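Below is entry-v8.cif, holding mmCIF, C-alpha atoms.
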```cif
data_target
loop_
_atom_site.label_atom_id
_atom_site.label_comp_id
_atom_site.auth_asym_id
_atom_site.auth_seq_id
_atom_site.Cartn_x
_atom_site.Cartn_y
_atom_site.Cartn_z
CA LEU O 96 74.15 5.99 -57.76
CA THR O 97 70.70 4.34 -57.40
CA GLY O 98 71.97 2.72 -54.19
CA LEU O 99 72.90 6.10 -52.66
CA LEU O 100 69.47 7.51 -53.52
CA LEU O 101 67.75 4.46 -52.01
CA ALA O 102 69.91 4.62 -48.86
CA ALA O 103 68.63 8.18 -48.29
CA HIS O 104 65.08 6.83 -47.85
CA TYR O 105 65.71 3.36 -46.41
CA THR O 106 65.33 2.53 -42.69
CA ALA O 107 67.40 -0.40 -41.42
CA ASP O 108 64.92 -1.52 -38.78
CA THR O 109 62.88 -4.75 -38.85
CA SER O 110 59.64 -2.93 -38.04
CA LEU O 111 60.17 -0.21 -40.67
CA ALA O 112 62.32 -1.72 -43.46
CA PHE O 113 59.47 -3.20 -45.52
CA SER O 114 57.26 -0.10 -45.18
CA SER O 115 60.21 2.21 -45.99
CA VAL O 116 60.72 0.36 -49.29
CA ALA O 117 56.97 0.53 -50.00
CA ASN O 118 56.98 4.24 -49.15
CA MET O 119 59.94 4.73 -51.50
CA CYS O 120 58.08 3.12 -54.38
CA ARG O 121 54.79 4.94 -53.74
CA ASN O 122 55.54 8.39 -52.33
CA VAL O 123 59.11 9.34 -53.29
CA GLN O 124 59.31 11.07 -56.67
CA HIS O 125 60.46 8.46 -59.23
CA GLY O 126 61.31 6.18 -56.27
CA TRP O 127 59.71 3.21 -58.04
CA LEU O 128 62.04 3.73 -61.02
CA ILE O 129 65.17 4.05 -58.86
CA ARG O 130 64.24 0.88 -56.94
CA ASN O 131 63.50 -1.08 -60.16
CA LEU O 132 66.74 0.04 -61.80
CA HIS O 133 68.69 -0.92 -58.66
CA ALA O 134 67.13 -4.38 -58.27
CA ASN O 135 67.23 -5.29 -61.97
CA GLY O 136 70.64 -3.63 -62.35
CA ALA O 137 72.03 -6.34 -60.04
CA SER O 138 70.59 -9.02 -62.36
CA PHE O 139 72.12 -7.39 -65.45
CA PHE O 140 75.42 -7.00 -63.62
CA PHE O 141 75.51 -10.74 -62.99
CA ILE O 142 74.55 -11.51 -66.61
CA CYS O 143 77.56 -9.43 -67.74
CA ILE O 144 79.85 -11.04 -65.14
CA TYR O 145 78.84 -14.59 -66.12
CA LEU O 146 79.34 -13.81 -69.83
CA HIS O 147 82.73 -12.28 -69.00
CA ILE O 148 83.83 -15.39 -67.04
CA GLY O 149 82.55 -17.66 -69.83
CA ARG O 150 84.53 -15.73 -72.44
CA GLY O 151 87.65 -15.86 -70.25
CA PHE O 152 87.20 -19.62 -69.88
CA PHE O 153 86.69 -20.12 -73.64
CA TYR O 154 89.69 -18.04 -74.74
CA GLY O 155 92.05 -19.24 -71.97
CA SER O 156 92.34 -15.79 -70.35
CA TYR O 157 92.85 -17.57 -67.00
CA LEU O 158 96.51 -18.10 -67.96
CA TYR O 159 97.01 -14.47 -66.92
CA LYS O 160 96.87 -15.77 -63.35
CA GLU O 161 96.91 -12.47 -61.41
CA THR O 162 94.14 -10.93 -63.53
CA TRP O 163 92.06 -14.12 -63.29
CA ASN O 164 92.49 -14.54 -59.52
CA THR O 165 91.60 -10.91 -58.75
CA GLY O 166 88.56 -11.41 -61.01
CA ILE O 167 87.39 -14.39 -58.92
CA LEU O 168 87.89 -12.42 -55.69
CA LEU O 169 85.78 -9.73 -57.34
CA LEU O 170 83.08 -12.31 -58.13
CA LEU O 171 83.01 -13.53 -54.50
CA THR O 172 82.70 -9.94 -53.20
CA LEU O 173 79.90 -9.27 -55.69
CA MET O 174 78.05 -12.39 -54.54
CA ALA O 175 78.32 -11.29 -50.90
CA THR O 176 77.09 -7.78 -51.78
CA ALA O 177 74.13 -9.12 -53.76
CA PHE O 178 73.19 -11.54 -50.97
CA VAL O 179 73.17 -8.94 -48.17
CA GLY O 180 71.30 -6.54 -50.48
CA TYR O 181 68.57 -9.12 -51.11
CA VAL O 182 67.84 -9.23 -47.37
CA LEU O 183 67.27 -5.46 -47.01
CA PRO O 184 63.63 -5.19 -48.33
CA TRP O 185 62.69 -7.51 -45.40
CA GLY O 186 60.06 -9.44 -47.33
CA GLN O 187 59.28 -13.12 -46.68
CA MET O 188 61.91 -14.45 -49.13
CA SER O 189 64.49 -11.91 -47.88
CA PHE O 190 64.06 -13.07 -44.28
CA TRP O 191 63.96 -16.80 -44.95
CA GLY O 192 66.75 -16.60 -47.53
CA ALA O 193 68.94 -14.88 -44.92
CA THR O 194 67.99 -17.48 -42.29
CA VAL O 195 68.78 -20.47 -44.53
CA ILE O 196 72.02 -19.15 -46.06
CA THR O 197 73.53 -17.80 -42.80
CA ASN O 198 72.60 -21.10 -41.13
CA LEU O 199 74.94 -22.89 -43.56
CA PHE O 200 77.91 -21.62 -41.56
CA SER O 201 76.75 -23.78 -38.64
CA ALA O 202 77.96 -26.81 -40.66
CA ILE O 203 81.58 -25.71 -40.07
CA PRO O 204 82.97 -27.91 -37.27
CA TYR O 205 83.73 -26.34 -33.84
CA ILE O 206 83.25 -22.66 -34.75
CA GLY O 207 80.08 -22.93 -36.90
CA HIS O 208 77.42 -21.99 -34.32
CA THR O 209 79.57 -19.16 -32.92
CA LEU O 210 80.01 -17.78 -36.46
CA VAL O 211 76.26 -17.87 -37.11
CA GLU O 212 75.41 -16.10 -33.85
CA TRP O 213 78.12 -13.53 -34.57
CA ALA O 214 76.67 -12.90 -38.06
CA TRP O 215 73.12 -12.64 -36.68
CA GLY O 216 74.08 -10.48 -33.70
CA GLY O 217 71.86 -12.70 -31.57
CA PHE O 218 70.08 -16.06 -31.68
CA SER O 219 67.99 -15.44 -34.79
CA VAL O 220 67.83 -13.19 -37.85
CA ASP O 221 66.61 -9.93 -36.31
CA ASN O 222 67.30 -6.20 -36.02
CA PRO O 223 71.09 -6.43 -35.48
CA THR O 224 71.32 -8.73 -38.53
CA LEU O 225 69.49 -6.22 -40.73
CA THR O 226 71.65 -3.33 -39.47
CA ARG O 227 74.95 -5.10 -40.18
CA PHE O 228 73.70 -6.36 -43.57
CA PHE O 229 72.77 -2.79 -44.54
CA THR O 230 76.23 -1.59 -43.40
CA LEU O 231 77.92 -4.33 -45.44
CA HIS O 232 75.76 -3.60 -48.49
CA PHE O 233 76.82 0.04 -48.28
CA LEU O 234 80.55 -0.61 -47.71
CA LEU O 235 81.26 -3.61 -49.97
CA PRO O 236 80.81 -1.62 -53.25
CA PHE O 237 83.86 0.46 -52.19
CA LEU O 238 85.84 -2.79 -51.83
CA ILE O 239 84.51 -3.85 -55.25
CA THR O 240 85.74 -0.57 -56.77
CA SER O 241 89.22 -1.15 -55.27
CA LEU O 242 89.30 -4.73 -56.60
CA VAL O 243 88.22 -3.51 -60.07
CA LEU O 244 91.17 -1.09 -60.10
CA ILE O 245 93.57 -3.89 -59.07
CA HIS O 246 92.00 -6.16 -61.72
CA LEU O 247 92.51 -3.49 -64.40
CA THR O 248 96.08 -2.81 -63.23
CA PHE O 249 97.00 -6.48 -63.71
CA LEU O 250 95.18 -6.48 -67.06
CA HIS O 251 97.16 -3.40 -68.11
CA GLU O 252 100.40 -5.22 -67.17
CA SER O 253 99.65 -8.38 -69.17
CA GLY O 254 97.53 -6.88 -71.97
CA SER O 255 94.22 -8.31 -73.16
CA ASN O 256 93.85 -11.79 -74.58
CA ASN O 257 92.49 -12.40 -78.09
CA PRO O 258 90.43 -15.14 -79.80
CA LEU O 259 93.55 -16.62 -81.45
CA GLY O 260 95.34 -16.83 -78.11
CA ILE O 261 98.61 -15.54 -79.60
CA PRO O 262 100.78 -12.51 -78.69
CA SER O 263 99.51 -9.44 -80.54
CA ASN O 264 102.35 -7.00 -79.86
CA CYS O 265 103.07 -6.62 -83.58
CA ASP O 266 99.66 -5.23 -84.51
CA LYS O 267 98.23 -3.42 -81.52
CA ILE O 268 95.58 -0.76 -82.11
CA PRO O 269 94.72 2.29 -79.96
CA PHE O 270 92.02 1.86 -77.30
CA HIS O 271 90.25 5.00 -78.51
CA PRO O 272 88.31 5.06 -80.81
CA TYR O 273 88.22 1.29 -81.59
CA PHE O 274 87.52 -0.25 -78.19
CA SER O 275 85.88 2.77 -76.55
CA LEU O 276 83.21 2.88 -79.29
CA LYS O 277 82.69 -0.90 -79.12
CA ASP O 278 82.28 -0.70 -75.32
CA LEU O 279 79.96 2.29 -75.65
CA LEU O 280 77.72 0.29 -78.01
CA GLY O 281 77.64 -2.65 -75.57
CA PHE O 282 76.85 -0.28 -72.69
CA MET O 283 74.00 1.37 -74.63
CA ILE O 284 72.49 -2.04 -75.54
CA MET O 285 72.59 -3.22 -71.90
CA LEU O 286 71.23 0.09 -70.63
CA SER O 287 68.31 -0.01 -73.08
CA LEU O 288 67.52 -3.63 -72.05
CA LEU O 289 67.70 -2.69 -68.35
CA THR O 290 65.44 0.34 -68.87
CA THR O 291 62.95 -1.79 -70.83
CA LEU O 292 62.86 -4.39 -68.04
CA ALA O 293 62.60 -1.77 -65.27
CA LEU O 294 59.75 0.06 -67.02
CA PHE O 295 57.69 -2.78 -68.52
CA SER O 296 58.25 -5.82 -66.32
CA PRO O 297 60.17 -4.80 -63.17
CA ASN O 298 59.20 -7.88 -61.12
CA LEU O 299 59.94 -10.49 -63.80
CA LEU O 300 63.13 -11.70 -62.10
CA GLY O 301 61.91 -11.21 -58.51
CA ASP O 302 59.97 -13.47 -56.17
CA THR O 303 56.28 -12.91 -55.36
CA GLU O 304 56.90 -13.90 -51.70
CA ASN O 305 58.88 -10.68 -51.26
CA PHE O 306 55.68 -8.63 -51.55
CA THR O 307 54.72 -9.99 -48.11
CA PRO O 308 56.42 -8.51 -45.01
CA ALA O 309 58.83 -10.89 -43.23
CA ASN O 310 57.09 -13.22 -40.77
CA PRO O 311 59.32 -15.54 -38.69
CA LEU O 312 56.27 -17.72 -37.87
CA VAL O 313 55.29 -18.53 -41.47
CA THR O 314 57.76 -20.44 -43.65
CA PRO O 315 57.31 -20.02 -47.44
CA PRO O 316 56.58 -23.33 -49.23
CA HIS O 317 59.77 -23.06 -51.29
CA ILE O 318 62.73 -20.96 -50.10
CA LYS O 319 65.12 -19.97 -52.87
CA PRO O 320 67.69 -17.21 -53.53
CA GLU O 321 67.76 -14.74 -56.43
CA TRP O 322 67.93 -16.34 -59.90
CA TYR O 323 71.68 -15.64 -60.35
CA PHE O 324 72.51 -17.88 -57.35
CA LEU O 325 70.15 -20.74 -58.28
CA TRP O 326 72.86 -22.85 -59.99
CA ALA O 327 74.99 -22.79 -56.80
CA TYR O 328 71.89 -23.38 -54.64
CA ALA O 329 71.06 -26.48 -56.75
CA ILE O 330 74.57 -27.84 -56.11
CA LEU O 331 74.15 -27.16 -52.36
CA ARG O 332 70.80 -29.01 -52.27
CA SER O 333 72.04 -31.99 -54.28
CA ILE O 334 74.07 -33.32 -51.33
CA PRO O 335 71.91 -34.55 -48.38
CA ASN O 336 74.72 -33.99 -45.84
CA LYS O 337 74.82 -30.36 -44.62
CA LEU O 338 78.62 -30.02 -44.42
CA GLY O 339 79.00 -31.84 -47.77
CA GLY O 340 76.52 -29.44 -49.37
CA VAL O 341 78.35 -26.38 -48.01
CA LEU O 342 81.71 -27.73 -49.25
CA ALA O 343 80.22 -28.44 -52.70
CA LEU O 344 78.73 -24.92 -52.78
CA ALA O 345 82.12 -23.37 -51.94
CA ALA O 346 83.91 -25.66 -54.41
CA SER O 347 81.52 -24.72 -57.24
CA VAL O 348 82.96 -21.16 -57.24
CA LEU O 349 86.47 -21.77 -55.86
CA ILE O 350 87.07 -24.39 -58.59
CA LEU O 351 87.67 -21.41 -60.91
CA PHE O 352 90.99 -20.80 -59.08
CA LEU O 353 92.17 -24.17 -60.45
CA SER O 354 91.53 -23.25 -64.11
CA PRO O 355 95.18 -22.28 -64.85
CA LEU O 356 96.40 -25.56 -63.29
CA LEU O 357 93.88 -27.67 -65.23
CA HIS O 358 94.89 -26.16 -68.59
CA LYS O 359 96.73 -28.98 -70.41
CA SER O 360 96.38 -27.83 -74.02
CA LYS O 361 99.26 -26.46 -76.11
CA GLN O 362 96.87 -23.88 -77.50
CA ARG O 363 95.61 -21.11 -75.29
CA ALA O 364 92.10 -20.57 -76.68
CA MET O 365 89.42 -23.11 -77.63
CA THR O 366 89.07 -21.47 -81.08
CA PHE O 367 90.71 -24.41 -82.89
CA ARG O 368 89.75 -27.17 -80.42
CA PRO O 369 86.33 -28.56 -81.40
CA MET O 370 86.24 -31.28 -78.70
CA SER O 371 86.95 -28.73 -75.93
CA GLN O 372 84.34 -26.42 -77.47
CA LEU O 373 81.75 -29.20 -77.23
CA LEU O 374 82.57 -29.68 -73.52
CA PHE O 375 82.42 -25.91 -72.95
CA TRP O 376 78.90 -25.66 -74.40
CA MET O 377 77.86 -28.76 -72.45
CA LEU O 378 79.08 -26.98 -69.30
CA ALA O 379 77.06 -23.88 -70.23
CA ALA O 380 73.92 -25.99 -70.83
CA ASN O 381 74.55 -27.77 -67.52
CA LEU O 382 74.59 -24.42 -65.67
CA PHE O 383 71.22 -23.54 -67.24
CA ILE O 384 69.85 -26.91 -66.04
CA LEU O 385 71.21 -26.26 -62.51
CA THR O 386 69.60 -22.80 -62.51
CA TRP O 387 66.25 -24.36 -63.45
CA ILE O 388 66.62 -27.11 -60.80
CA GLY O 389 67.40 -24.51 -58.11
CA SER O 390 64.03 -22.87 -58.74
CA GLN O 391 62.10 -26.15 -58.41
CA PRO O 392 60.81 -27.75 -55.16
CA VAL O 393 62.90 -30.44 -53.44
CA GLU O 394 61.09 -33.52 -54.73
CA HIS O 395 61.36 -36.29 -57.31
CA PRO O 396 62.56 -36.04 -60.16
CA PHE O 397 64.25 -32.67 -59.47
CA ILE O 398 66.50 -34.10 -56.72
CA LEU O 399 67.96 -36.73 -59.09
CA ILE O 400 68.37 -34.29 -62.00
CA GLY O 401 70.12 -31.83 -59.65
CA GLN O 402 72.52 -34.51 -58.38
CA LEU O 403 73.38 -35.63 -61.92
CA ALA O 404 73.86 -32.03 -63.12
CA SER O 405 76.09 -31.23 -60.10
CA LEU O 406 78.19 -34.34 -60.77
CA ALA O 407 78.44 -33.37 -64.46
CA TYR O 408 79.56 -29.84 -63.52
CA PHE O 409 82.56 -31.01 -61.46
CA THR O 410 83.38 -33.93 -63.79
CA ASN O 411 83.45 -31.62 -66.82
CA ILE O 412 85.85 -29.08 -65.27
CA LEU O 413 88.10 -31.40 -63.24
CA ILE O 414 88.32 -34.50 -65.46
CA LEU O 415 86.90 -34.20 -68.97
CA LEU O 416 88.40 -30.86 -70.06
CA PRO O 417 92.01 -31.78 -69.08
CA ILE O 418 91.69 -35.27 -70.69
CA VAL O 419 90.24 -33.86 -73.92
CA SER O 420 92.99 -31.18 -74.02
CA PHE O 421 95.59 -33.94 -73.66
CA LEU O 422 93.96 -35.95 -76.50
CA GLU O 423 93.87 -32.86 -78.74
CA ASN O 424 97.61 -32.38 -78.13
CA LYS O 425 98.19 -36.01 -79.23
CA ILE O 426 96.14 -35.48 -82.40
CA LEU O 427 98.10 -32.29 -83.20
CA ASN O 428 101.39 -34.17 -82.79
#
```
Structure rendered as structure tokens:
Amino acid sequence: LTGLLLAAHYTADTSLAFSSVANMCRNVQHGWLIRNLHANGASFFFICIYLHIGRGFFYGSYLYKETWNTGILLLLTLMATAFVGYVLPWGQMSFWGATVITNLFSAIPYIGHTLVEWAWGGFSVDNPTLTRFFTLHFLLPFLITSLVLIHLTFLHESGSNNPLGIPSNCDKIPFHPYFSLKDLLGFMIMLSLLTTLALFSPNLLGDTENFTPANPLVTPPHIKPEWYFLWAYAILRSIPNKLGGVLALAASVLILFLSPLLHKSKQRAMTFRPMSQLLFWMLAANLFILTWIGSQPVEHPFILIGQLASLAYFTNILILLPIVSFLENKILN
């Protein structure tokens, strides 16, 4: 809804985009509030998504493969939508973020440079790039809505998981009023937090560089994406080789597709598996460290910490969790 209202006042032109956003915040009635709710709403959306994925990982919900896989496709679409949306205000960080991230495709052998020029609509990030990014940012939410419906259809087929990880057909309860009221409470809490942030500290999660209009001739001292992509950006930066970094970046998200295959435990959830729980919370702490590293400049000691944290991320998911699950099975026997 906020997006539709913003689109009514936004101009997808490099010479007017920044001033149209400024005009929206200054002259349009309650425009500042709509803009703040939209920008911070994206942050809260990602907080909810990350918590949702974490819960699914903890309780073994990934064993409902169709629901899990559509969820990951949903995550990838959300990431794309958020990225193209970040470029639209056409501030310094928007422009340079778009330049750096789209340039990553040039690491793909043979077709890389063609892909980049096709995405840009020319030989640099310019007017055609902004136009197609605005189009994508407008259209992708419709794809997200479709994927959400598919996700819910698969969920309806399999039924929800539970903390015990056991079939609950014998004592099912109606969705309304039990779950609807619980969800309503959660929604009200998140909405009140979002409103508080949008009214009292709207730029807390943003970047100060984005208050400067985009200038292709002046590179910001430290280019970085929005905070919810910093963990992936830290993994990308930790590998000096460009293609290696891009592959690691892709693997950091696509690794979630392997979760059902890497599940070696006889129990579905981690509720009664203390060793797996320890690894899970280590993984969560590691993601916080990666997020912090992504916001720091590329210099010693941040480079080394980032490389170690990236290694720990992949080692934890691919090696440690399956081994510990196997050991827990042995102990149970």
Using the chain letters and numbers from the file, give me the residues hit by the PyMOL selection byres ((chain O and resi 175-186) around 8), as a ChimeraX atom specification.
/O:107,109,112-113,116,137,171-174,187-190,192-193,225,228-229,231-232,235-236,304-309,321
Please save C-alpha atoms of the selected residues as an mmCIF file, in the frame of the given file.
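Done, and the output landed in out.cif:
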```cif
data_model
loop_
_atom_site.group_PDB
_atom_site.id
_atom_site.type_symbol
_atom_site.label_atom_id
_atom_site.label_comp_id
_atom_site.auth_asym_id
_atom_site.auth_seq_id
_atom_site.Cartn_x
_atom_site.Cartn_y
_atom_site.Cartn_z
ATOM 1 C CA ALA O 107 67.400 -0.400 -41.420
ATOM 2 C CA THR O 109 62.880 -4.750 -38.850
ATOM 3 C CA ALA O 112 62.320 -1.720 -43.460
ATOM 4 C CA PHE O 113 59.470 -3.200 -45.520
ATOM 5 C CA VAL O 116 60.720 0.360 -49.290
ATOM 6 C CA ALA O 137 72.030 -6.340 -60.040
ATOM 7 C CA LEU O 171 83.010 -13.530 -54.500
ATOM 8 C CA THR O 172 82.700 -9.940 -53.200
ATOM 9 C CA LEU O 173 79.900 -9.270 -55.690
ATOM 10 C CA MET O 174 78.050 -12.390 -54.540
ATOM 11 C CA GLN O 187 59.280 -13.120 -46.680
ATOM 12 C CA MET O 188 61.910 -14.450 -49.130
ATOM 13 C CA SER O 189 64.490 -11.910 -47.880
ATOM 14 C CA PHE O 190 64.060 -13.070 -44.280
ATOM 15 C CA GLY O 192 66.750 -16.600 -47.530
ATOM 16 C CA ALA O 193 68.940 -14.880 -44.920
ATOM 17 C CA LEU O 225 69.490 -6.220 -40.730
ATOM 18 C CA PHE O 228 73.700 -6.360 -43.570
ATOM 19 C CA PHE O 229 72.770 -2.790 -44.540
ATOM 20 C CA LEU O 231 77.920 -4.330 -45.440
ATOM 21 C CA HIS O 232 75.760 -3.600 -48.490
ATOM 22 C CA LEU O 235 81.260 -3.610 -49.970
ATOM 23 C CA PRO O 236 80.810 -1.620 -53.250
ATOM 24 C CA GLU O 304 56.900 -13.900 -51.700
ATOM 25 C CA ASN O 305 58.880 -10.680 -51.260
ATOM 26 C CA PHE O 306 55.680 -8.630 -51.550
ATOM 27 C CA THR O 307 54.720 -9.990 -48.110
ATOM 28 C CA PRO O 308 56.420 -8.510 -45.010
ATOM 29 C CA ALA O 309 58.830 -10.890 -43.230
ATOM 30 C CA GLU O 321 67.760 -14.740 -56.430
#
```
Pull out every residue that the PyMOL selection byres ((chain O and resi 364) around 9) matches in the shown coordinates and put them as a PyMOL selection string.
chain O and resi 152-156+257-261+360+362-363+365-368
Using all atoms listed in the file, which of the listed residues (O:Ile330, O:Asn118, O:Cys265, O:Glu394) sits closest to Leu342 in chain O?
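That would be O:Ile330, the residue with the smallest distance to Leu342 in chain O.
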Of the listed residues O:Leu247, O:Tyr205, O:Phe409, O:Leu146, that which approaches Leu349 in chain O most closely, counting all atoms listed in the file:
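The closest residue to Leu349 in chain O is O:Phe409.
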Shortest interatomic distance to Gly151 in chain O - which of O:Ala407, O:Leu242, O:Leu351, O:Ile400, counting all atoms listed in the file
O:Leu351
Please, what distance in Å, to one decimal, runs between CA of Phe249 in chain O and CA of Pro355 in chain O?
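Interatomic distance, CA of Phe249 in chain O to CA of Pro355 in chain O: 15.9 Å.
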List as a ChimeraX atom specification the protein and nucleic acid residues near Cys120 in chain O, meaning an atom at most 9 Å away when all atoms listed in the file are counted, but skip any in the same chain fewer than 5 places from it.
/O:115,125-131
Box along x, y and z, 6 Å on every side, all listed atoms of range 190-198 of chain O inside: centre and edge lengths in Å to one decimal, as lines of an AutoDock Vina configuration file.
```
center_x = 68.7
center_y = -17.1
center_z = -44.3
size_x = 21.6
size_y = 20.0
size_z = 18.4
```
Mind giving me the straight-line distance from CA of Lys337 in chain O to CA of Ile388 in chain O in Å, one decimal?
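Interatomic distance here is 18.4 Å.
Residues matched by the PyMOL selection byres ((chain O and resi 316) around 12) in this file are Gln187, Met188, Trp191, Glu304, Val313, Thr314, Pro315, His317, Ile318, Lys319, Gln391, Pro392 and Val393 of chain O.
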Using all atoms listed in the file, pick whichever of O:Met285, O:Leu111, O:Trp322, O:Ser263 has the shortest atom-to-atom distance to Gly301 in chain O.
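Among the listed residues, the smallest separation from Gly301 in chain O belongs to O:Trp322.
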Compare O:Pro269, O:Gly136, O:Gly149, O:Gly216 by their minimum atom-to-atom distance to Leu288 in chain O, counting all atoms listed in the file, and give me the closest one.
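Checking each candidate against Leu288 in chain O, we get O:Gly136 as the closest.
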Write out as a JSON list (two decimals) with C-alpha atoms, keeping the file's coordinate frame which residues come within 12 Å of Trp215 in chain O when counting only C-alpha atoms, dropping same-chain ones fewer than 6 positions away.
```
[["chain", "number", "residue", "atom", "x", "y", "z"],
["O", 190, "PHE", "CA", 64.06, -13.07, -44.28],
["O", 193, "ALA", "CA", 68.94, -14.88, -44.92],
["O", 194, "THR", "CA", 67.99, -17.48, -42.29],
["O", 195, "VAL", "CA", 68.78, -20.47, -44.53],
["O", 196, "ILE", "CA", 72.02, -19.15, -46.06],
["O", 197, "THR", "CA", 73.53, -17.80, -42.80],
["O", 198, "ASN", "CA", 72.60, -21.10, -41.13],
["O", 200, "PHE", "CA", 77.91, -21.62, -41.56],
["O", 201, "SER", "CA", 76.75, -23.78, -38.64],
["O", 208, "HIS", "CA", 77.42, -21.99, -34.32],
["O", 209, "THR", "CA", 79.57, -19.16, -32.92],
["O", 221, "ASP", "CA", 66.61, -9.93, -36.31],
["O", 222, "ASN", "CA", 67.30, -6.20, -36.02],
["O", 223, "PRO", "CA", 71.09, -6.43, -35.48],
["O", 224, "THR", "CA", 71.32, -8.73, -38.53],
["O", 225, "LEU", "CA", 69.49, -6.22, -40.73],
["O", 226, "THR", "CA", 71.65, -3.33, -39.47],
["O", 227, "ARG", "CA", 74.95, -5.10, -40.18],
["O", 228, "PHE", "CA", 73.70, -6.36, -43.57]]
```
Kindly indicate which residue among O:Ser333, O:Met377, O:Asn122, O:Leu427 lies nearest to Phe397 in chain O, using only C-alpha atoms for the distances.
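Once distances to Phe397 in chain O are computed over only C-alpha atoms, the minimum belongs to O:Ser333.
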Spatial neighbours of Leu300 in chain O, max dist 10 Å, all atoms listed in the file, sep filter under 4 positions, as a PyMOL selection string:
chain O and resi 134-135+138+292+296+321-323
Using the atoms already present, construct N, CA and C atoms for range 293-311 of chain O and hand them back as a compact mmCIF listing (two decimals), keeping the file's coordinate frame.
```txt
# COMPACT_ATOMS: atom_id res chain seq x y z
N ALA O 293 63.01 -2.55 -66.45
CA ALA O 293 62.60 -1.77 -65.27
C ALA O 293 61.26 -1.05 -65.50
N LEU O 294 60.97 -0.69 -66.74
CA LEU O 294 59.75 0.06 -67.02
C LEU O 294 58.55 -0.84 -67.35
N PHE O 295 58.80 -1.95 -68.05
CA PHE O 295 57.69 -2.78 -68.52
C PHE O 295 57.41 -4.02 -67.69
N SER O 296 58.48 -4.62 -67.12
CA SER O 296 58.25 -5.82 -66.32
C SER O 296 59.25 -5.88 -65.16
N PRO O 297 59.14 -4.92 -64.21
CA PRO O 297 60.17 -4.80 -63.17
C PRO O 297 60.28 -5.99 -62.23
N ASN O 298 59.18 -6.78 -62.08
CA ASN O 298 59.20 -7.88 -61.12
C ASN O 298 59.39 -9.24 -61.78
N LEU O 299 59.78 -9.24 -63.04
CA LEU O 299 59.94 -10.49 -63.80
C LEU O 299 60.94 -11.43 -63.14
N LEU O 300 62.07 -10.87 -62.66
CA LEU O 300 63.13 -11.70 -62.10
C LEU O 300 63.05 -11.82 -60.58
N GLY O 301 62.05 -11.16 -59.97
CA GLY O 301 61.91 -11.21 -58.51
C GLY O 301 61.06 -12.37 -58.04
N ASP O 302 60.79 -12.41 -56.75
CA ASP O 302 59.97 -13.47 -56.17
C ASP O 302 58.71 -12.86 -55.55
N THR O 303 57.56 -13.46 -55.85
CA THR O 303 56.28 -12.91 -55.36
C THR O 303 56.21 -12.89 -53.83
N GLU O 304 56.92 -13.84 -53.18
CA GLU O 304 56.90 -13.90 -51.70
C GLU O 304 57.43 -12.62 -51.07
N ASN O 305 58.27 -11.88 -51.83
CA ASN O 305 58.88 -10.68 -51.26
C ASN O 305 57.94 -9.48 -51.21
N PHE O 306 56.69 -9.68 -51.67
CA PHE O 306 55.68 -8.63 -51.55
C PHE O 306 54.93 -8.76 -50.21
N THR O 307 55.31 -9.78 -49.43
CA THR O 307 54.72 -9.99 -48.11
C THR O 307 55.77 -9.64 -47.06
N PRO O 308 55.42 -8.85 -46.05
CA PRO O 308 56.42 -8.51 -45.01
C PRO O 308 56.93 -9.78 -44.31
N ALA O 309 58.19 -9.74 -43.88
CA ALA O 309 58.83 -10.89 -43.23
C ALA O 309 58.04 -11.33 -42.00
N ASN O 310 57.79 -12.64 -41.92
CA ASN O 310 57.09 -13.22 -40.77
C ASN O 310 57.84 -14.47 -40.32
N PRO O 311 58.53 -14.39 -39.18
CA PRO O 311 59.32 -15.54 -38.69
C PRO O 311 58.47 -16.78 -38.38
```
